[in-house]
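File shown: input.csv. Contents: CSV, C-alpha atoms.
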```
chain,number,residue,atom,x,y,z
K,273,MET,CA,3.4,8.0,-4.8
K,274,CYS,CA,2.7,4.3,-4.9
K,275,GLY,CA,0.9,3.0,-8.0
K,276,ARG,CA,2.1,-0.6,-8.2
K,277,TYR,CA,3.4,-3.1,-5.6
K,278,VAL,CA,4.0,-6.7,-4.8
K,279,SER,CA,1.8,-8.9,-2.6
K,280,ARG,CA,3.1,-12.5,-2.7
K,281,ALA,CA,2.6,-13.7,0.9
K,282,ASP,CA,-0.2,-16.1,1.6
K,283,LYS,CA,-2.9,-15.4,4.2
K,284,GLN,CA,-1.3,-17.5,6.9
K,285,ARG,CA,2.0,-15.6,6.6
K,286,ILE,CA,0.2,-12.2,6.6
K,287,ALA,CA,-1.9,-13.2,9.6
K,288,GLU,CA,1.1,-14.3,11.6
K,289,THR,CA,3.2,-11.3,10.7
K,290,PHE,CA,0.5,-8.8,11.6
K,291,GLY,CA,-1.2,-10.7,14.4
K,292,ALA,CA,-4.5,-10.9,12.6
K,293,GLY,CA,-7.3,-13.4,12.6
K,294,ILE,CA,-8.7,-14.8,9.3
K,295,PRO,CA,-12.5,-14.7,9.0
K,296,GLU,CA,-14.2,-17.8,7.8
K,297,ASP,CA,-15.5,-16.1,4.7
K,298,TYR,CA,-12.0,-14.9,3.6
K,299,ASP,CA,-11.4,-15.8,0.0
K,300,PRO,CA,-9.7,-19.3,0.1
K,301,ASP,CA,-8.1,-18.8,-3.3
K,302,PHE,CA,-4.6,-17.4,-3.2
K,303,VAL,CA,-2.6,-16.2,-6.1
K,304,PRO,CA,0.6,-14.2,-5.5
K,305,ASP,CA,0.4,-10.8,-7.2
K,306,TYR,CA,3.7,-9.5,-8.5
K,307,ASN,CA,2.1,-6.5,-10.1
K,308,VAL,CA,-0.7,-5.2,-7.9
K,309,ALA,CA,-2.6,-2.5,-9.7
K,310,PRO,CA,-5.4,-0.1,-8.7
K,311,GLN,CA,-8.9,-1.4,-8.7
K,312,THR,CA,-7.9,-5.0,-7.8
K,313,MET,CA,-8.8,-6.9,-4.6
K,314,GLN,CA,-6.0,-7.2,-2.1
K,315,PRO,CA,-5.3,-8.3,1.5
K,316,VAL,CA,-5.6,-5.6,4.2
K,317,VAL,CA,-5.4,-5.7,8.0
K,318,ARG,CA,-7.9,-3.7,10.0
K,319,VAL,CA,-9.5,-3.8,13.5
K,320,ASP,CA,-12.8,-5.6,13.8
K,321,SER,CA,-15.1,-3.0,15.4
K,322,ASP,CA,-17.1,-5.7,17.3
K,323,THR,CA,-14.2,-7.6,18.8
K,324,GLY,CA,-11.4,-5.0,18.8
K,325,ARG,CA,-9.1,-7.6,17.2
K,326,ARG,CA,-7.1,-7.4,14.0
K,327,GLU,CA,-8.6,-9.2,11.1
K,328,LEU,CA,-7.4,-10.0,7.6
K,329,VAL,CA,-9.8,-8.9,4.9
K,330,ARG,CA,-9.8,-8.3,1.1
K,331,MET,CA,-10.5,-4.8,-0.2
K,332,ARG,CA,-10.4,-3.0,-3.5
K,333,TRP,CA,-7.5,-0.5,-4.1
K,334,GLY,CA,-8.8,3.0,-4.6
K,335,LEU,CA,-10.8,4.5,-1.8
K,336,VAL,CA,-14.5,5.3,-2.3
K,337,PRO,CA,-15.8,7.4,0.6
K,338,PHE,CA,-19.1,6.4,2.2
K,339,TRP,CA,-20.8,9.5,0.9
K,340,ALA,CA,-19.8,9.1,-2.8
K,341,LYS,CA,-22.5,9.0,-5.4
K,342,ASP,CA,-20.6,6.3,-7.4
K,343,THR,CA,-17.2,4.6,-7.5
K,344,LYS,CA,-15.6,6.8,-10.2
K,345,ILE,CA,-13.7,8.7,-7.5
K,346,ALA,CA,-11.6,5.5,-6.8
K,347,TYR,CA,-9.4,6.2,-9.9
K,348,SER,CA,-7.9,9.3,-8.1
K,349,THR,CA,-7.8,8.0,-4.6
K,350,ILE,CA,-5.2,5.1,-4.7
K,351,ASN,CA,-3.0,7.4,-2.6
K,352,ALA,CA,-3.6,9.9,0.2
K,353,ARG,CA,-1.2,12.7,1.1
K,354,ALA,CA,-0.2,12.5,4.8
K,355,GLU,CA,-0.2,16.3,5.1
K,356,THR,CA,-3.8,16.7,4.2
K,357,LEU,CA,-5.5,13.7,5.7
K,358,THR,CA,-7.3,15.7,8.4
K,359,THR,CA,-8.5,18.4,6.1
K,360,SER,CA,-9.5,16.4,3.0
K,361,SER,CA,-13.2,15.7,2.7
K,362,ILE,CA,-12.4,12.3,1.2
K,363,PHE,CA,-10.1,11.1,4.0
K,364,ARG,CA,-10.7,13.1,7.2
K,365,GLU,CA,-13.4,10.7,8.5
K,366,ALA,CA,-11.4,7.6,7.5
K,367,VAL,CA,-8.3,8.8,9.3
K,368,LYS,CA,-10.2,9.0,12.5
K,369,ARG,CA,-11.9,5.6,12.5
K,370,ARG,CA,-10.7,3.5,9.7
K,371,ARG,CA,-7.0,3.2,9.5
K,372,CYS,CA,-5.4,-0.1,8.2
K,373,LEU,CA,-2.2,-1.9,7.3
K,374,VAL,CA,-1.6,-2.8,3.7
K,375,PRO,CA,0.8,-5.8,3.5
K,376,ALA,CA,3.5,-5.7,0.8
K,377,ASP,CA,6.7,-7.5,-0.1
K,378,ALA,CA,8.0,-4.7,-2.5
K,379,PHE,CA,6.8,-1.8,-4.6
K,380,TYR,CA,7.8,-0.3,-7.9
K,381,GLU,CA,8.8,3.2,-9.0
K,382,TRP,CA,10.0,4.6,-12.3
K,383,GLN,CA,13.0,6.9,-12.8
K,384,THR,CA,12.8,9.3,-15.7
K,385,ILE,CA,15.7,8.8,-18.1
K,386,ASP,CA,14.6,11.3,-20.8
K,387,VAL,CA,11.3,12.5,-22.3
K,388,LYS,CA,10.5,9.0,-23.8
K,389,ASN,CA,12.2,6.6,-21.4
K,390,LYS,CA,11.6,5.6,-17.8
K,391,GLN,CA,13.5,2.8,-16.0
K,392,PRO,CA,11.5,0.8,-13.4
K,393,TYR,CA,13.0,-0.1,-10.1
K,394,ALA,CA,11.8,-2.5,-7.3
K,395,ILE,CA,12.0,-1.3,-3.7
K,396,ALA,CA,12.0,-3.6,-0.7
K,397,MET,CA,13.4,-4.1,2.8
K,398,LYS,CA,17.0,-5.1,2.9
K,399,ASP,CA,16.2,-8.3,4.8
K,400,GLU,CA,13.3,-8.9,2.3
K,401,HIS,CA,10.7,-9.2,5.1
K,402,LEU,CA,7.0,-8.5,4.7
K,403,PHE,CA,6.2,-4.9,5.6
K,404,ALA,CA,3.1,-2.6,5.8
K,405,PHE,CA,2.1,0.6,4.2
K,406,ALA,CA,-0.1,2.9,6.3
K,407,GLY,CA,-3.5,2.8,4.8
K,408,LEU,CA,-7.1,4.1,5.2
K,409,TRP,CA,-10.3,2.2,4.3
K,410,ASP,CA,-13.9,3.1,3.9
K,411,ARG,CA,-17.2,1.2,3.2
K,412,TRP,CA,-19.5,2.4,0.4
K,413,ARG,CA,-23.0,1.1,-0.4
K,414,ASP,CA,-24.4,0.8,-3.9
K,415,LYS,CA,-27.9,2.3,-3.6
K,416,GLN,CA,-29.2,0.4,-6.6
K,417,SER,CA,-28.0,-3.1,-5.6
K,418,GLY,CA,-27.7,-2.6,-1.9
K,419,ASN,CA,-24.2,-4.2,-2.0
K,420,TRP,CA,-21.4,-3.0,0.2
K,421,LEU,CA,-17.9,-2.3,-1.1
K,422,ASP,CA,-14.8,-2.0,1.1
K,423,THR,CA,-11.9,0.0,-0.4
K,424,TYR,CA,-8.6,1.3,0.7
K,425,THR,CA,-5.9,3.9,-0.1
K,426,ILE,CA,-2.1,4.0,0.6
K,427,VAL,CA,-0.8,7.0,2.5
K,428,THR,CA,2.2,8.8,1.0
K,429,THR,CA,4.8,11.1,2.6
K,430,ASP,CA,8.1,12.8,1.8
K,431,PRO,CA,10.8,10.6,0.2
K,432,ASN,CA,13.8,9.3,2.0
K,433,GLU,CA,17.3,9.5,0.5
K,434,LEU,CA,16.8,6.3,-1.4
K,435,MET,CA,13.6,7.4,-3.0
K,436,GLU,CA,14.5,10.9,-3.9
K,437,PRO,CA,16.0,10.0,-7.3
K,438,PHE,CA,12.7,8.5,-8.3
K,439,HIS,CA,9.9,10.6,-7.0
K,440,ASP,CA,9.1,13.5,-4.6
K,441,ARG,CA,6.7,11.1,-2.6
K,442,MET,CA,7.0,7.7,-1.2
K,443,PRO,CA,4.5,5.3,0.5
K,444,ALA,CA,4.4,5.8,4.3
K,445,ILE,CA,5.8,2.5,5.7
K,446,LEU,CA,5.1,1.7,9.3
K,447,ALA,CA,7.6,0.1,11.7
K,448,PRO,CA,6.2,-3.0,13.4
K,449,GLN,CA,6.2,-1.3,16.8
K,450,ASP,CA,3.9,1.3,15.4
K,451,TYR,CA,1.2,-1.0,14.0
K,452,GLN,CA,-0.9,-0.9,17.2
K,453,ARG,CA,-0.9,2.8,17.5
K,454,TRP,CA,-1.8,3.3,13.8
K,455,LEU,CA,-4.7,0.9,14.1
K,456,ALA,CA,-6.1,2.1,17.5
K,457,PHE,CA,-9.1,4.4,17.6
K,458,ALA,CA,-8.1,8.0,18.2
K,459,GLU,CA,-9.7,11.5,17.7
K,460,PRO,CA,-8.0,14.8,16.9
K,461,PRO,CA,-5.6,16.0,18.3
K,462,ASN,CA,-4.3,12.6,19.1
K,463,LEU,CA,-4.3,11.0,15.6
K,464,PRO,CA,-1.1,9.2,14.9
K,465,ILE,CA,-0.1,11.4,12.0
K,466,ASP,CA,3.5,11.7,13.3
K,467,LEU,CA,4.0,8.1,12.2
K,468,LEU,CA,3.7,9.1,8.6
K,469,ARG,CA,7.3,9.9,8.0
K,470,PRO,CA,10.0,8.7,5.6
K,471,TYR,CA,11.1,5.2,6.4
K,472,PRO,CA,14.8,4.8,7.2
K,473,ALA,CA,16.6,4.5,3.9
K,474,GLU,CA,19.4,2.4,5.4
K,475,GLU,CA,16.8,-0.4,6.0
K,476,MET,CA,15.7,-0.5,2.3
K,477,LYS,CA,17.2,-1.6,-1.0
K,478,THR,CA,16.3,-1.0,-4.7
K,479,TRP,CA,17.3,-2.6,-8.0
K,480,LYS,CA,16.5,-2.2,-11.7
K,481,VAL,CA,13.8,-4.5,-13.1
K,482,GLY,CA,12.6,-5.0,-16.7
K,483,LYS,CA,10.1,-2.8,-18.3
K,484,ALA,CA,7.5,-5.6,-18.5
K,485,VAL,CA,6.2,-4.4,-15.1
K,486,GLY,CA,4.7,-1.4,-16.9
K,487,ASN,CA,2.0,-3.6,-18.3
K,488,VAL,CA,-0.5,-4.8,-15.6
K,489,ARG,CA,-1.2,-7.9,-17.6
K,490,ASN,CA,2.3,-9.1,-16.8
K,491,ASN,CA,2.3,-10.8,-13.4
K,492,SER,CA,5.0,-13.3,-12.4
K,493,GLN,CA,8.0,-13.5,-10.2
K,494,GLU,CA,10.1,-12.7,-13.2
K,495,LEU,CA,9.1,-9.1,-12.8
K,496,LEU,CA,11.2,-8.9,-9.6
K,497,LYS,CA,14.3,-10.3,-11.3
K,498,PRO,CA,17.2,-7.8,-11.5
K,499,TYR,CA,17.4,-6.3,-14.9
K,500,GLU,CA,20.6,-7.6,-16.6
K,501,SER,CA,22.5,-5.4,-19.0
K,502,GLU,CA,25.9,-3.9,-19.3
K,503,SER,CA,24.8,-0.7,-17.7
K,504,ALA,CA,22.5,-2.3,-15.1
K,505,GLN,CA,23.7,-1.4,-11.6
K,506,THR,CA,21.9,-1.9,-8.3
K,507,LEU,CA,21.4,1.5,-6.8
K,508,SER,CA,22.6,1.8,-3.3
K,509,LEU,CA,23.5,4.7,-1.1
K,510,PHE,CA,25.0,2.7,1.7
```
Represent the structure from my file as structure tokens, please.
Amino acid sequence: MCGRYVSRADKQRIAETFGAGIPEDYDPDFVPDYNVAPQTMQPVVRVDSDTGRRELVRMRWGLVPFWAKDTKIAYSTINARAETLTTSSIFREAVKRRRCLVPADAFYEWQTIDVKNKQPYAIAMKDEHLFAFAGLWDRWRDKQSGNWLDTYTIVTTDPNELMEPFHDRMPAILAPQDYQRWLAFAEPPNLPIDLLRPYPAEEMKTWKVGKAVGNVRNNSQELLKPYESESAQTLSLF
């Protein structure tokens, strides 16, 4: 599962990292988000259907399929299971034609200590570079206002060794050499579902952070600071 992540890179860095163009109407205001929550607008990289080139756009987290009557479904579609993408009525059309990259600097997960306590951890690449979740997007039209809404979901897969202590799922992270294949148009049986596998644990790191991250109103770089206490230990399997 992935219910909270970090997006602190500006549009220029994202565009350069993922080889994407920046449309003229892209929101010029940039505020790093250290506690990205569902239903917020975030940067996403997709392929422009007219030019065939990658473009950086802003979408709302929580996918609303084009056929939905309203947007309420978005509260349950922030994640999509890799194993059921081709059979789910919500995601099966998006996985054919509307795959995307979701840029991230880190993400959060909670480890259950006991019935009343959970310890949050931050997870990132060992070299701290910007990476991408495998995502799907869709476009929905409000019949009353006529306005269009672009939304996305983050695909999840089985956990690697580093993530197993926290959850039985993890976001599907794509290697840079797989970006093009994930974004390219494909029809069954040639969909790039095989890319949705656990990311190599040896390339990742995780550390304890403070419980302030549990409140979406808290949003500063302090959230990524290692939690300091006598028992605080950086979890590492390597």
Neighbouring residues of Phe302 in chain K were defined as those with any atom within 9 Å, considering all atoms listed in the file; residues of the same chain fewer than 3 positions away were excluded. Please report them as a ChimeraX atom specification. /K:282-283,299
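Between CA of Tyr380 in chain K and CA of Ile395 in chain K the separation is 6.0 Å.
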Determine, for each residue of range 366-429 of chain K having at least one atom at most 6 Å from an atom of range 448-472 of chain K, the closest pair of atoms and their separation in Å to one decimal, counting only C-alpha atoms; order by chain and ascending number, as a Markdown table.
```
| residue | atom | partner | partner_atom | distance |
| --- | --- | --- | --- | --- |
| K:Lys368 | CA | K:Glu459 | CA | 5.8 |
| K:Arg369 | CA | K:Phe457 | CA | 5.9 |
| K:Arg371 | CA | K:Leu455 | CA | 5.6 |
```
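For the residues K:Ser321, K:Thr428, K:Asn307, K:Gln383, ranking by smallest atom-to-atom distance to Trp479 in chain K using only C-alpha atoms places K:Gln383 first.
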Separation of CA of Glu355 in chain K from CA of His439 in chain K in Å: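 Taking CA of His439 in chain K and CA of Glu355 in chain K, their separation equals 16.8 Å.
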Residues around (11.1, -5.4, 0.0), cut-off 8 Å, counting all atoms listed in the file - what are they as a ChimeraX atom specification? /K:376-379,394-403,476-477
Excluding Val303 in chain K and residues on its chain fewer than 6 positions from it, collect all residues at most 12 Å away from it, counting all atoms listed in the file, and give them as a list of chain:residue names. K:Val278, K:Ser279, K:Arg280, K:Ala281, K:Asp282, K:Lys283, K:Met313, K:Gln314, K:Pro315, K:Asn491, K:Ser492, K:Gln493
Point (0.6, -12.6, 14.2) neighbourhood (12 Å, all atoms listed in the file) written as a list in words: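 Checked against the point, the hits come out as Lys283, Gln284, Arg285, Ile286, Ala287, Glu288, Thr289, Phe290, Gly291, Ala292, Gly293, Ile294, Val317, Arg325, Arg326, Glu327, Leu328, Pro448 and Tyr451 of chain K.
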Pairwise distance for CA of Gly275 in chain K and CA of Asp297 in chain K, rounded to one decimal in Å: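 Interatomic distance here is 28.2 Å.
With only C-alpha atoms as the atoms that count, the residue of K:Tyr393, K:Ala473, K:Arg318, K:Asp414 with the shortest distance to Pro431 in chain K is K:Ala473.
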Counting all atoms listed in the file, what is within 7 Å of Val336 in chain K, bar same-chain residues fewer than 6 positions away, as a ChimeraX atom specification? /K:343,345-346,410,412,423
May I ask you to restore N, CA and C atoms in range 319-332 of chain K and write the result as an mmCIF file, in the coordinates of the input?
```cif
data_model
loop_
_atom_site.group_PDB
_atom_site.id
_atom_site.type_symbol
_atom_site.label_atom_id
_atom_site.label_comp_id
_atom_site.auth_asym_id
_atom_site.auth_seq_id
_atom_site.Cartn_x
_atom_site.Cartn_y
_atom_site.Cartn_z
ATOM 1 N N VAL K 319 -8.932 -3.403 12.159
ATOM 2 C CA VAL K 319 -9.500 -3.800 13.500
ATOM 3 C C VAL K 319 -10.962 -4.078 13.322
ATOM 4 N N ASP K 320 -11.403 -5.227 13.781
ATOM 5 C CA ASP K 320 -12.800 -5.600 13.800
ATOM 6 C C ASP K 320 -13.508 -4.700 14.857
ATOM 7 N N SER K 321 -14.491 -3.916 14.461
ATOM 8 C CA SER K 321 -15.100 -3.000 15.400
ATOM 9 C C SER K 321 -15.911 -3.695 16.496
ATOM 10 N N ASP K 322 -16.308 -4.926 16.260
ATOM 11 C CA ASP K 322 -17.100 -5.700 17.300
ATOM 12 C C ASP K 322 -16.153 -6.325 18.314
ATOM 13 N N THR K 323 -15.049 -6.914 17.859
ATOM 14 C CA THR K 323 -14.200 -7.600 18.800
ATOM 15 C C THR K 323 -12.957 -6.836 19.223
ATOM 16 N N GLY K 324 -12.599 -5.790 18.455
ATOM 17 C CA GLY K 324 -11.400 -5.000 18.800
ATOM 18 C C GLY K 324 -10.125 -5.713 18.382
ATOM 19 N N ARG K 325 -10.247 -6.818 17.651
ATOM 20 C CA ARG K 325 -9.100 -7.600 17.200
ATOM 21 C C ARG K 325 -8.742 -7.311 15.770
ATOM 22 N N ARG K 326 -7.500 -7.550 15.422
ATOM 23 C CA ARG K 326 -7.100 -7.400 14.000
ATOM 24 C C ARG K 326 -7.657 -8.521 13.176
ATOM 25 N N GLU K 327 -8.068 -8.175 11.974
ATOM 26 C CA GLU K 327 -8.600 -9.200 11.100
ATOM 27 C C GLU K 327 -8.020 -8.942 9.658
ATOM 28 N N LEU K 328 -7.857 -10.035 8.927
ATOM 29 C CA LEU K 328 -7.400 -10.000 7.600
ATOM 30 C C LEU K 328 -8.580 -10.006 6.623
ATOM 31 N N VAL K 329 -8.698 -8.999 5.781
ATOM 32 C CA VAL K 329 -9.800 -8.900 4.900
ATOM 33 C C VAL K 329 -9.297 -8.577 3.461
ATOM 34 N N ARG K 330 -10.176 -8.684 2.472
ATOM 35 C CA ARG K 330 -9.800 -8.300 1.100
ATOM 36 C C ARG K 330 -10.616 -7.035 0.747
ATOM 37 N N MET K 331 -9.911 -6.050 0.201
ATOM 38 C CA MET K 331 -10.500 -4.800 -0.200
ATOM 39 C C MET K 331 -10.062 -4.413 -1.593
ATOM 40 N N ARG K 332 -10.792 -3.490 -2.204
ATOM 41 C CA ARG K 332 -10.400 -3.000 -3.500
ATOM 42 C C ARG K 332 -9.556 -1.748 -3.380
#
```
